[in-house]
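Quick look at target.pdb (PDB, N, CA and C atoms):
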MODEL        1
ATOM      1  N   MET A   1       0.838  -1.178   0.000  1.00  0.00           N
ATOM      2  CA  MET A   1       0.000   0.000   0.000  1.00  0.00           C
ATOM      3  C   MET A   1       0.885   1.243   0.000  1.00  0.00           C
ATOM      4  N   ALA A   2       0.687   2.102  -0.940  1.00  0.00           N
ATOM      5  CA  ALA A   2       1.502   3.321  -1.067  1.00  0.00           C
ATOM      6  C   ALA A   2       0.955   4.423  -0.166  1.00  0.00           C
ATOM      7  N   VAL A   3       1.855   5.220   0.359  1.00  0.00           N
ATOM      8  CA  VAL A   3       1.480   6.364   1.182  1.00  0.00           C
ATOM      9  C   VAL A   3       1.539   7.597   0.304  1.00  0.00           C
ATOM     10  N   ARG A   4       0.460   8.356   0.279  1.00  0.00           N
ATOM     11  CA  ARG A   4       0.404   9.569  -0.541  1.00  0.00           C
ATOM     12  C   ARG A   4       0.923  10.735   0.276  1.00  0.00           C
ATOM     13  N   LEU A   5       1.958  11.378  -0.205  1.00  0.00           N
ATOM     14  CA  LEU A   5       2.493  12.562   0.451  1.00  0.00           C
ATOM     15  C   LEU A   5       1.983  13.802  -0.254  1.00  0.00           C
ATOM     16  N   PRO A   6       1.682  14.847   0.490  1.00  0.00           N
ATOM     17  CA  PRO A   6       1.196  16.076  -0.138  1.00  0.00           C
ATOM     18  C   PRO A   6       2.315  16.772  -0.891  1.00  0.00           C
ATOM     19  N   ARG A   7       1.925  17.683  -1.750  1.00  0.00           N
ATOM     20  CA  ARG A   7       2.915  18.461  -2.489  1.00  0.00           C
ATOM     21  C   ARG A   7       3.389  19.608  -1.621  1.00  0.00           C
ATOM     22  N   ILE A   8       4.319  19.309  -0.751  1.00  0.00           N
ATOM     23  CA  ILE A   8       4.915  20.341   0.081  1.00  0.00           C
ATOM     24  C   ILE A   8       6.253  20.678  -0.551  1.00  0.00           C
ATOM     25  N   ILE A   9       6.464  21.945  -0.815  1.00  0.00           N
ATOM     26  CA  ILE A   9       7.718  22.384  -1.392  1.00  0.00           C
ATOM     27  C   ILE A   9       8.539  22.962  -0.264  1.00  0.00           C
ATOM     28  N   LYS A  10       9.635  22.303   0.057  1.00  0.00           N
ATOM     29  CA  LYS A  10      10.479  22.753   1.159  1.00  0.00           C
ATOM     30  C   LYS A  10      11.570  23.642   0.582  1.00  0.00           C
ATOM     31  N   LYS A  11      11.689  24.833   1.104  1.00  0.00           N
ATOM     32  CA  LYS A  11      12.687  25.773   0.597  1.00  0.00           C
ATOM     33  C   LYS A  11      13.490  26.327   1.753  1.00  0.00           C
ATOM     34  N   SER A  12      14.722  26.669   1.475  1.00  0.00           N
ATOM     35  CA  SER A  12      15.543  27.267   2.523  1.00  0.00           C
ATOM     36  C   SER A  12      15.623  28.775   2.374  1.00  0.00           C
ATOM     37  N   SER A  13      15.271  29.275   1.217  1.00  0.00           N
ATOM     38  CA  SER A  13      15.356  30.724   1.008  1.00  0.00           C
ATOM     39  C   SER A  13      14.083  31.403   1.498  1.00  0.00           C
ATOM     40  N   THR A  14      14.178  32.690   1.716  1.00  0.00           N
ATOM     41  CA  THR A  14      13.008  33.461   2.136  1.00  0.00           C
ATOM     42  C   THR A  14      12.756  34.604   1.168  1.00  0.00           C
ATOM     43  N   ASN A  15      13.097  34.386  -0.095  1.00  0.00           N
ATOM     44  CA  ASN A  15      13.004  35.464  -1.071  1.00  0.00           C
ATOM     45  C   ASN A  15      11.596  35.675  -1.610  1.00  0.00           C
ATOM     46  N   GLY A  16      10.617  34.935  -1.100  1.00  0.00           N
ATOM     47  CA  GLY A  16       9.245  35.180  -1.508  1.00  0.00           C
ATOM     48  C   GLY A  16       8.788  34.401  -2.720  1.00  0.00           C
ATOM     49  N   ASP A  17       9.546  33.430  -3.191  1.00  0.00           N
ATOM     50  CA  ASP A  17       9.135  32.628  -4.337  1.00  0.00           C
ATOM     51  C   ASP A  17       8.076  31.619  -3.909  1.00  0.00           C
ATOM     52  N   VAL A  18       6.820  32.012  -4.068  1.00  0.00           N
ATOM     53  CA  VAL A  18       5.708  31.144  -3.699  1.00  0.00           C
ATOM     54  C   VAL A  18       4.825  30.986  -4.928  1.00  0.00           C
ATOM     55  N   PRO A  19       4.634  29.751  -5.394  1.00  0.00           N
ATOM     56  CA  PRO A  19       3.788  29.536  -6.571  1.00  0.00           C
ATOM     57  C   PRO A  19       2.342  29.954  -6.314  1.00  0.00           C
ATOM     58  N   LYS A  20       1.656  30.309  -7.360  1.00  0.00           N
ATOM     59  CA  LYS A  20       0.248  30.684  -7.263  1.00  0.00           C
ATOM     60  C   LYS A  20      -0.529  29.519  -6.634  1.00  0.00           C
ATOM     61  N   GLY A  21      -1.407  29.853  -5.705  1.00  0.00           N
ATOM     62  CA  GLY A  21      -2.215  28.835  -5.046  1.00  0.00           C
ATOM     63  C   GLY A  21      -1.541  28.206  -3.832  1.00  0.00           C
ATOM     64  N   HIS A  22      -0.431  28.770  -3.404  1.00  0.00           N
ATOM     65  CA  HIS A  22       0.312  28.259  -2.260  1.00  0.00           C
ATOM     66  C   HIS A  22       0.636  29.411  -1.304  1.00  0.00           C
ATOM     67  N   PHE A  23       1.088  29.074  -0.101  1.00  0.00           N
ATOM     68  CA  PHE A  23       1.563  30.088   0.840  1.00  0.00           C
ATOM     69  C   PHE A  23       2.685  29.500   1.681  1.00  0.00           C
ATOM     70  N   ALA A  24       3.490  30.377   2.235  1.00  0.00           N
ATOM     71  CA  ALA A  24       4.638  29.956   3.028  1.00  0.00           C
ATOM     72  C   ALA A  24       4.275  29.909   4.508  1.00  0.00           C
ATOM     73  N   VAL A  25       4.760  28.880   5.183  1.00  0.00           N
ATOM     74  CA  VAL A  25       4.653  28.785   6.637  1.00  0.00           C
ATOM     75  C   VAL A  25       6.033  28.467   7.182  1.00  0.00           C
ATOM     76  N   TYR A  26       6.273  28.909   8.391  1.00  0.00           N
ATOM     77  CA  TYR A  26       7.531  28.634   9.078  1.00  0.00           C
ATOM     78  C   TYR A  26       7.241  27.668  10.207  1.00  0.00           C
ATOM     79  N   ILE A  27       7.939  26.545  10.203  1.00  0.00           N
ATOM     80  CA  ILE A  27       7.673  25.461  11.135  1.00  0.00           C
ATOM     81  C   ILE A  27       8.887  25.243  12.029  1.00  0.00           C
ATOM     82  N   GLY A  28       8.628  25.089  13.304  1.00  0.00           N
ATOM     83  CA  GLY A  28       9.701  24.763  14.232  1.00  0.00           C
ATOM     84  C   GLY A  28       9.550  25.489  15.539  1.00  0.00           C
ATOM     85  N   GLU A  29      10.187  24.925  16.562  1.00  0.00           N
ATOM     86  CA  GLU A  29      10.124  25.518  17.884  1.00  0.00           C
ATOM     87  C   GLU A  29      11.262  26.508  18.092  1.00  0.00           C
ATOM     88  N   LYS A  30      12.460  26.143  17.721  1.00  0.00           N
ATOM     89  CA  LYS A  30      13.612  27.049  17.852  1.00  0.00           C
ATOM     90  C   LYS A  30      14.121  27.489  16.490  1.00  0.00           C
ATOM     91  N   HIS A  31      14.471  26.533  15.655  1.00  0.00           N
ATOM     92  CA  HIS A  31      14.980  26.818  14.317  1.00  0.00           C
ATOM     93  C   HIS A  31      13.831  26.619  13.336  1.00  0.00           C
ATOM     94  N   LYS A  32      13.445  27.686  12.678  1.00  0.00           N
ATOM     95  CA  LYS A  32      12.301  27.653  11.764  1.00  0.00           C
ATOM     96  C   LYS A  32      12.725  27.199  10.372  1.00  0.00           C
ATOM     97  N   LYS A  33      11.920  26.308   9.785  1.00  0.00           N
ATOM     98  CA  LYS A  33      12.112  25.894   8.399  1.00  0.00           C
ATOM     99  C   LYS A  33      10.905  26.376   7.618  1.00  0.00           C
ATOM    100  N   ARG A  34      11.162  26.813   6.412  1.00  0.00           N
ATOM    101  CA  ARG A  34      10.109  27.365   5.562  1.00  0.00           C
ATOM    102  C   ARG A  34       9.546  26.258   4.677  1.00  0.00           C
ATOM    103  N   PHE A  35       8.217  26.156   4.672  1.00  0.00           N
ATOM    104  CA  PHE A  35       7.508  25.230   3.801  1.00  0.00           C
ATOM    105  C   PHE A  35       6.529  26.039   2.965  1.00  0.00           C
ATOM    106  N   VAL A  36       6.329  25.612   1.738  1.00  0.00           N
ATOM    107  CA  VAL A  36       5.315  26.212   0.875  1.00  0.00           C
ATOM    108  C   VAL A  36       4.260  25.133   0.659  1.00  0.00           C
ATOM    109  N   ILE A  37       3.033  25.460   1.054  1.00  0.00           N
ATOM    110  CA  ILE A  37       1.967  24.475   1.008  1.00  0.00           C
ATOM    111  C   ILE A  37       0.758  25.028   0.253  1.00  0.00           C
ATOM    112  N   PRO A  38      -0.099  24.140  -0.242  1.00  0.00           N
ATOM    113  CA  PRO A  38      -1.280  24.588  -0.994  1.00  0.00           C
ATOM    114  C   PRO A  38      -2.255  25.371  -0.114  1.00  0.00           C
ATOM    115  N   ILE A  39      -2.861  26.389  -0.668  1.00  0.00           N
ATOM    116  CA  ILE A  39      -3.878  27.167   0.033  1.00  0.00           C
ATOM    117  C   ILE A  39      -5.057  26.286   0.430  1.00  0.00           C
ATOM    118  N   SER A  40      -5.301  25.247  -0.327  1.00  0.00           N
ATOM    119  CA  SER A  40      -6.429  24.355  -0.029  1.00  0.00           C
ATOM    120  C   SER A  40      -6.322  23.728   1.360  1.00  0.00           C
ATOM    121  N   PHE A  41      -5.125  23.676   1.937  1.00  0.00           N
ATOM    122  CA  PHE A  41      -4.970  23.140   3.292  1.00  0.00           C
ATOM    123  C   PHE A  41      -5.742  23.971   4.307  1.00  0.00           C
ATOM    124  N   LEU A  42      -5.965  25.257   4.013  1.00  0.00           N
ATOM    125  CA  LEU A  42      -6.670  26.131   4.949  1.00  0.00           C
ATOM    126  C   LEU A  42      -8.107  25.687   5.191  1.00  0.00           C
ATOM    127  N   SER A  43      -8.680  24.948   4.259  1.00  0.00           N
ATOM    128  CA  SER A  43     -10.065  24.485   4.415  1.00  0.00           C
ATOM    129  C   SER A  43     -10.148  23.120   5.097  1.00  0.00           C
ATOM    130  N   GLN A  44      -9.025  22.515   5.401  1.00  0.00           N
ATOM    131  CA  GLN A  44      -8.993  21.190   6.021  1.00  0.00           C
ATOM    132  C   GLN A  44      -9.131  21.313   7.546  1.00  0.00           C
ATOM    133  N   PRO A  45     -10.086  20.630   8.159  1.00  0.00           N
ATOM    134  CA  PRO A  45     -10.283  20.712   9.607  1.00  0.00           C
ATOM    135  C   PRO A  45      -9.023  20.375  10.419  1.00  0.00           C
ATOM    136  N   LEU A  46      -8.254  19.400   9.996  1.00  0.00           N
ATOM    137  CA  LEU A  46      -7.038  19.027  10.715  1.00  0.00           C
ATOM    138  C   LEU A  46      -6.026  20.173  10.728  1.00  0.00           C
ATOM    139  N   PHE A  47      -5.876  20.859   9.600  1.00  0.00           N
ATOM    140  CA  PHE A  47      -4.958  21.993   9.517  1.00  0.00           C
ATOM    141  C   PHE A  47      -5.508  23.183  10.318  1.00  0.00           C
ATOM    142  N   GLN A  48      -6.812  23.382  10.269  1.00  0.00           N
ATOM    143  CA  GLN A  48      -7.434  24.455  11.046  1.00  0.00           C
ATOM    144  C   GLN A  48      -7.221  24.244  12.540  1.00  0.00           C
ATOM    145  N   ASP A  49      -7.291  22.987  12.980  1.00  0.00           N
ATOM    146  CA  ASP A  49      -7.031  22.677  14.388  1.00  0.00           C
ATOM    147  C   ASP A  49      -5.596  23.033  14.767  1.00  0.00           C
ATOM    148  N   LEU A  50      -4.647  22.719  13.890  1.00  0.00           N
ATOM    149  CA  LEU A  50      -3.251  23.056  14.147  1.00  0.00           C
ATOM    150  C   LEU A  50      -3.074  24.570  14.259  1.00  0.00           C
ATOM    151  N   LEU A  51      -3.698  25.318  13.358  1.00  0.00           N
ATOM    152  CA  LEU A  51      -3.620  26.783  13.417  1.00  0.00           C
ATOM    153  C   LEU A  51      -4.243  27.331  14.700  1.00  0.00           C
ATOM    154  N   SER A  52      -5.367  26.763  15.101  1.00  0.00           N
ATOM    155  CA  SER A  52      -6.023  27.213  16.340  1.00  0.00           C
ATOM    156  C   SER A  52      -5.152  26.955  17.555  1.00  0.00           C
ATOM    157  N   GLN A  53      -4.522  25.797  17.607  1.00  0.00           N
ATOM    158  CA  GLN A  53      -3.628  25.484  18.723  1.00  0.00           C
ATOM    159  C   GLN A  53      -2.447  26.443  18.760  1.00  0.00           C
ATOM    160  N   ALA A  54      -1.883  26.736  17.591  1.00  0.00           N
ATOM    161  CA  ALA A  54      -0.754  27.664  17.521  1.00  0.00           C
ATOM    162  C   ALA A  54      -1.184  29.060  17.967  1.00  0.00           C
ATOM    163  N   GLU A  55      -2.375  29.481  17.564  1.00  0.00           N
ATOM    164  CA  GLU A  55      -2.873  30.805  17.958  1.00  0.00           C
ATOM    165  C   GLU A  55      -3.094  30.877  19.464  1.00  0.00           C
ATOM    166  N   GLU A  56      -3.723  29.854  20.035  1.00  0.00           N
ATOM    167  CA  GLU A  56      -4.005  29.843  21.471  1.00  0.00           C
ATOM    168  C   GLU A  56      -2.722  29.893  22.293  1.00  0.00           C
ATOM    169  N   GLU A  57      -1.742  29.126  21.863  1.00  0.00           N
ATOM    170  CA  GLU A  57      -0.518  29.011  22.643  1.00  0.00           C
ATOM    171  C   GLU A  57       0.461  30.153  22.409  1.00  0.00           C
ATOM    172  N   PHE A  58       0.543  30.647  21.167  1.00  0.00           N
ATOM    173  CA  PHE A  58       1.599  31.585  20.815  1.00  0.00           C
ATOM    174  C   PHE A  58       1.107  32.899  20.223  1.00  0.00           C
ATOM    175  N   GLY A  59      -0.174  33.014  19.888  1.00  0.00           N
ATOM    176  CA  GLY A  59      -0.684  34.230  19.272  1.00  0.00           C
ATOM    177  C   GLY A  59      -0.213  34.358  17.831  1.00  0.00           C
ATOM    178  N   PHE A  60      -0.401  35.538  17.263  1.00  0.00           N
ATOM    179  CA  PHE A  60      -0.026  35.751  15.860  1.00  0.00           C
ATOM    180  C   PHE A  60       0.978  36.874  15.678  1.00  0.00           C
ATOM    181  N   ASP A  61       1.716  37.224  16.696  1.00  0.00           N
ATOM    182  CA  ASP A  61       2.731  38.271  16.597  1.00  0.00           C
ATOM    183  C   ASP A  61       4.073  37.608  16.277  1.00  0.00           C
ATOM    184  N   HIS A  62       4.393  37.512  14.987  1.00  0.00           N
ATOM    185  CA  HIS A  62       5.584  36.779  14.561  1.00  0.00           C
ATOM    186  C   HIS A  62       6.610  37.706  13.941  1.00  0.00           C
ATOM    187  N   PRO A  63       7.829  37.702  14.452  1.00  0.00           N
ATOM    188  CA  PRO A  63       8.875  38.582  13.938  1.00  0.00           C
ATOM    189  C   PRO A  63       9.293  38.270  12.503  1.00  0.00           C
ATOM    190  N   MET A  64       9.038  37.051  12.025  1.00  0.00           N
ATOM    191  CA  MET A  64       9.444  36.687  10.672  1.00  0.00           C
ATOM    192  C   MET A  64       8.492  37.254   9.628  1.00  0.00           C
ATOM    193  N   GLY A  65       7.352  37.751  10.060  1.00  0.00           N
ATOM    194  CA  GLY A  65       6.413  38.365   9.140  1.00  0.00           C
ATOM    195  C   GLY A  65       5.536  37.387   8.395  1.00  0.00           C
ATOM    196  N   GLY A  66       5.644  36.115   8.657  1.00  0.00           N
ATOM    197  CA  GLY A  66       4.829  35.121   7.988  1.00  0.00           C
ATOM    198  C   GLY A  66       4.074  34.291   8.998  1.00  0.00           C
ATOM    199  N   LEU A  67       3.373  33.318   8.524  1.00  0.00           N
ATOM    200  CA  LEU A  67       2.649  32.408   9.390  1.00  0.00           C
ATOM    201  C   LEU A  67       3.652  31.445  10.006  1.00  0.00           C
ATOM    202  N   THR A  68       3.733  31.447  11.331  1.00  0.00           N
ATOM    203  CA  THR A  68       4.665  30.582  12.035  1.00  0.00           C
ATOM    204  C   THR A  68       3.887  29.598  12.889  1.00  0.00           C
ATOM    205  N   ILE A  69       4.209  28.321  12.747  1.00  0.00           N
ATOM    206  CA  ILE A  69       3.578  27.276  13.552  1.00  0.00           C
ATOM    207  C   ILE A  69       4.689  26.621  14.366  1.00  0.00           C
ATOM    208  N   PRO A  70       4.711  26.875  15.668  1.00  0.00           N
ATOM    209  CA  PRO A  70       5.796  26.377  16.501  1.00  0.00           C
ATOM    210  C   PRO A  70       5.597  24.916  16.930  1.00  0.00           C
ATOM    211  N   CYS A  71       5.708  24.016  15.964  1.00  0.00           N
ATOM    212  CA  CYS A  71       5.631  22.600  16.289  1.00  0.00           C
ATOM    213  C   CYS A  71       6.840  21.908  15.655  1.00  0.00           C
ATOM    214  N   ARG A  72       7.064  20.672  16.040  1.00  0.00           N
ATOM    215  CA  ARG A  72       8.185  19.928  15.472  1.00  0.00           C
ATOM    216  C   ARG A  72       7.920  19.658  13.987  1.00  0.00           C
ATOM    217  N   GLU A  73       8.998  19.658  13.225  1.00  0.00           N
ATOM    218  CA  GLU A  73       8.888  19.446  11.777  1.00  0.00           C
ATOM    219  C   GLU A  73       8.249  18.097  11.462  1.00  0.00           C
ATOM    220  N   ASP A  74       8.613  17.044  12.172  1.00  0.00           N
ATOM    221  CA  ASP A  74       8.058  15.719  11.895  1.00  0.00           C
ATOM    222  C   ASP A  74       6.555  15.663  12.181  1.00  0.00           C
ATOM    223  N   VAL A  75       6.101  16.400  13.185  1.00  0.00           N
ATOM    224  CA  VAL A  75       4.662  16.462  13.486  1.00  0.00           C
ATOM    225  C   VAL A  75       3.926  17.158  12.343  1.00  0.00           C
ATOM    226  N   PHE A  76       4.483  18.263  11.847  1.00  0.00           N
ATOM    227  CA  PHE A  76       3.871  18.997  10.743  1.00  0.00           C
ATOM    228  C   PHE A  76       3.808  18.128   9.483  1.00  0.00           C
ATOM    229  N   ILE A  77       4.881  17.445   9.163  1.00  0.00           N
ATOM    230  CA  ILE A  77       4.906  16.588   7.969  1.00  0.00           C
ATOM    231  C   ILE A  77       3.909  15.441   8.112  1.00  0.00           C
ATOM    232  N   ASP A  78       3.823  14.853   9.305  1.00  0.00           N
ATOM    233  CA  ASP A  78       2.855  13.779   9.534  1.00  0.00           C
ATOM    234  C   ASP A  78       1.440  14.291   9.340  1.00  0.00           C
ATOM    235  N   LEU A  79       1.131  15.449   9.905  1.00  0.00           N
ATOM    236  CA  LEU A  79      -0.212  16.015   9.785  1.00  0.00           C
ATOM    237  C   LEU A  79      -0.547  16.335   8.330  1.00  0.00           C
ATOM    238  N   THR A  80       0.354  17.020   7.643  1.00  0.00           N
ATOM    239  CA  THR A  80       0.054  17.414   6.262  1.00  0.00           C
ATOM    240  C   THR A  80       0.030  16.219   5.315  1.00  0.00           C
ATOM    241  N   SER A  81       0.688  15.124   5.685  1.00  0.00           N
ATOM    242  CA  SER A  81       0.648  13.935   4.814  1.00  0.00           C
ATOM    243  C   SER A  81      -0.742  13.307   4.810  1.00  0.00           C
ATOM    244  N   ARG A  82      -1.562  13.658   5.791  1.00  0.00           N
ATOM    245  CA  ARG A  82      -2.926  13.137   5.857  1.00  0.00           C
ATOM    246  C   ARG A  82      -3.946  14.025   5.137  1.00  0.00           C
ATOM    247  N   LEU A  83      -3.501  15.165   4.644  1.00  0.00           N
ATOM    248  CA  LEU A  83      -4.416  16.103   3.991  1.00  0.00           C
ATOM    249  C   LEU A  83      -4.420  15.889   2.489  1.00  0.00           C
ATOM    250  N   ARG A  84      -5.535  16.216   1.891  1.00  0.00           N
ATOM    251  CA  ARG A  84      -5.636  16.201   0.425  1.00  0.00           C
ATOM    252  C   ARG A  84      -5.765  17.627  -0.038  1.00  0.00           C
ATOM    253  N   ASN A  85      -5.018  17.984  -1.082  1.00  0.00           N
ATOM    254  CA  ASN A  85      -5.116  19.351  -1.584  1.00  0.00           C
ATOM    255  C   ASN A  85      -5.947  19.399  -2.834  1.00  0.00           C
TER     256      ASN A  85
ENDMDL
END
Using the file provided, produce a representation of the structure as structure tokens.
Amino acid sequence: MAVRLPRIIKKSSTNGDVPKGHFAVYIGEKHKKRFVIPISFLSQPLFQDLLSQAEEEFGFDHPMGGLTIPCREDVFIDLTSRLRN
């Protein structure tokens, strides 16, 4: 049985190269990694729950200027691997 992985584009640069229909998020507790994910994830209840937890715990005042989700990278990848875009 094959595991379907979402189309997550992992980038190390922060130059703003985001394809149409996607947005950048910064993932990590101490060292942030930038991921570019489909906008369609915003309508997924599982992703909405993750955003709500991040908002409750950390608020939305982020010095990086983007959406930051302070969770472990492996947790984020596991969660997004269950989403369909």
Inset, instruction - With a distance cut-off of 10 Å and only C-alpha atoms, select the neighbouring residues of Glu55 of chain A, excluding the residue or stretch itself and same-chain residues fewer than 6 positions from it, and output the selection as a PyMOL selection string. - result: chain A and resi 49+61+68-70
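In this comparison, which uses only N, CA and C atoms, the residue of A:Pro38, A:Leu51, A:Glu56, A:Asp74 approaching Lys20 of chain A most closely is A:Pro38.
Among the candidates A:Ala54, A:Ile39, A:Gly66, A:Arg72, the one nearest to Ile27 of chain A when counting only C-alpha atoms is A:Arg72.
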Inset, instruction - Quick one: everything within 8 Å of Phe23 of chain A, counting all atoms listed in the file, minus sequence neighbours fewer than 5 positions away in the same chain. Send it as a VMD selection string. - result: chain A and resid 18 35 to 40 67
How would the residues just picked look written out with N, CA and C atoms as a CSV table (one decimal), keeping the file's coordinate frame?
chain,number,residue,atom,x,y,z
A,18,VAL,N,6.8,32.0,-4.1
A,18,VAL,CA,5.7,31.1,-3.7
A,18,VAL,C,4.8,31.0,-4.9
A,35,PHE,N,8.2,26.2,4.7
A,35,PHE,CA,7.5,25.2,3.8
A,35,PHE,C,6.5,26.0,3.0
A,36,VAL,N,6.3,25.6,1.7
A,36,VAL,CA,5.3,26.2,0.9
A,36,VAL,C,4.3,25.1,0.7
A,37,ILE,N,3.0,25.5,1.1
A,37,ILE,CA,2.0,24.5,1.0
A,37,ILE,C,0.8,25.0,0.3
A,38,PRO,N,-0.1,24.1,-0.2
A,38,PRO,CA,-1.3,24.6,-1.0
A,38,PRO,C,-2.3,25.4,-0.1
A,39,ILE,N,-2.9,26.4,-0.7
A,39,ILE,CA,-3.9,27.2,0.0
A,39,ILE,C,-5.1,26.3,0.4
A,40,SER,N,-5.3,25.2,-0.3
A,40,SER,CA,-6.4,24.4,0.0
A,40,SER,C,-6.3,23.7,1.4
A,67,LEU,N,3.4,33.3,8.5
A,67,LEU,CA,2.6,32.4,9.4
A,67,LEU,C,3.7,31.4,10.0
Inset, instruction - Determine which residues of segment 29-63 of chain A receive a DSSP assignment of strand (DSSP E), computed from the backbone, and state them as a VMD selection string. - result: chain A and resid 33 to 38
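Between atom C of Gly28 of chain A and atom CA of Pro45 of chain A the interatomic distance comes to 21.2 Å.
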Legend entry - Test item: which residues lie within 12 Å of (2.6, 23.7, 3.5) counting only C-alpha atoms, as a VMD selection string: chain A and resid 5 to 11 18 to 19 21 to 27 33 to 42 47 67 to 69 73 76 to 81 83 to 85
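Note that the spacing between atom CA of Leu46 of chain A and atom C of Arg82 of chain A amounts to 8.1 Å.
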Inset, instruction - Pick out the closest residue to Lys30 of chain A from this set: A:Gln48, A:Asp17, A:Cys71, A:Gln53. Count only C-alpha atoms. - result: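 Of A:Gln48, A:Asp17, A:Cys71, A:Gln53, the one nearest Lys30 of chain A is A:Cys71, counting only C-alpha atoms.
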Inset, instruction - Figure out the distance between atom CA of Glu57 of chain A and atom N of Glu29 of chain A, please, to one decimal in Å. - result: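 Taking atom N of Glu29 of chain A as the start and atom CA of Glu57 of chain A as the end point, the length is 13.0 Å.
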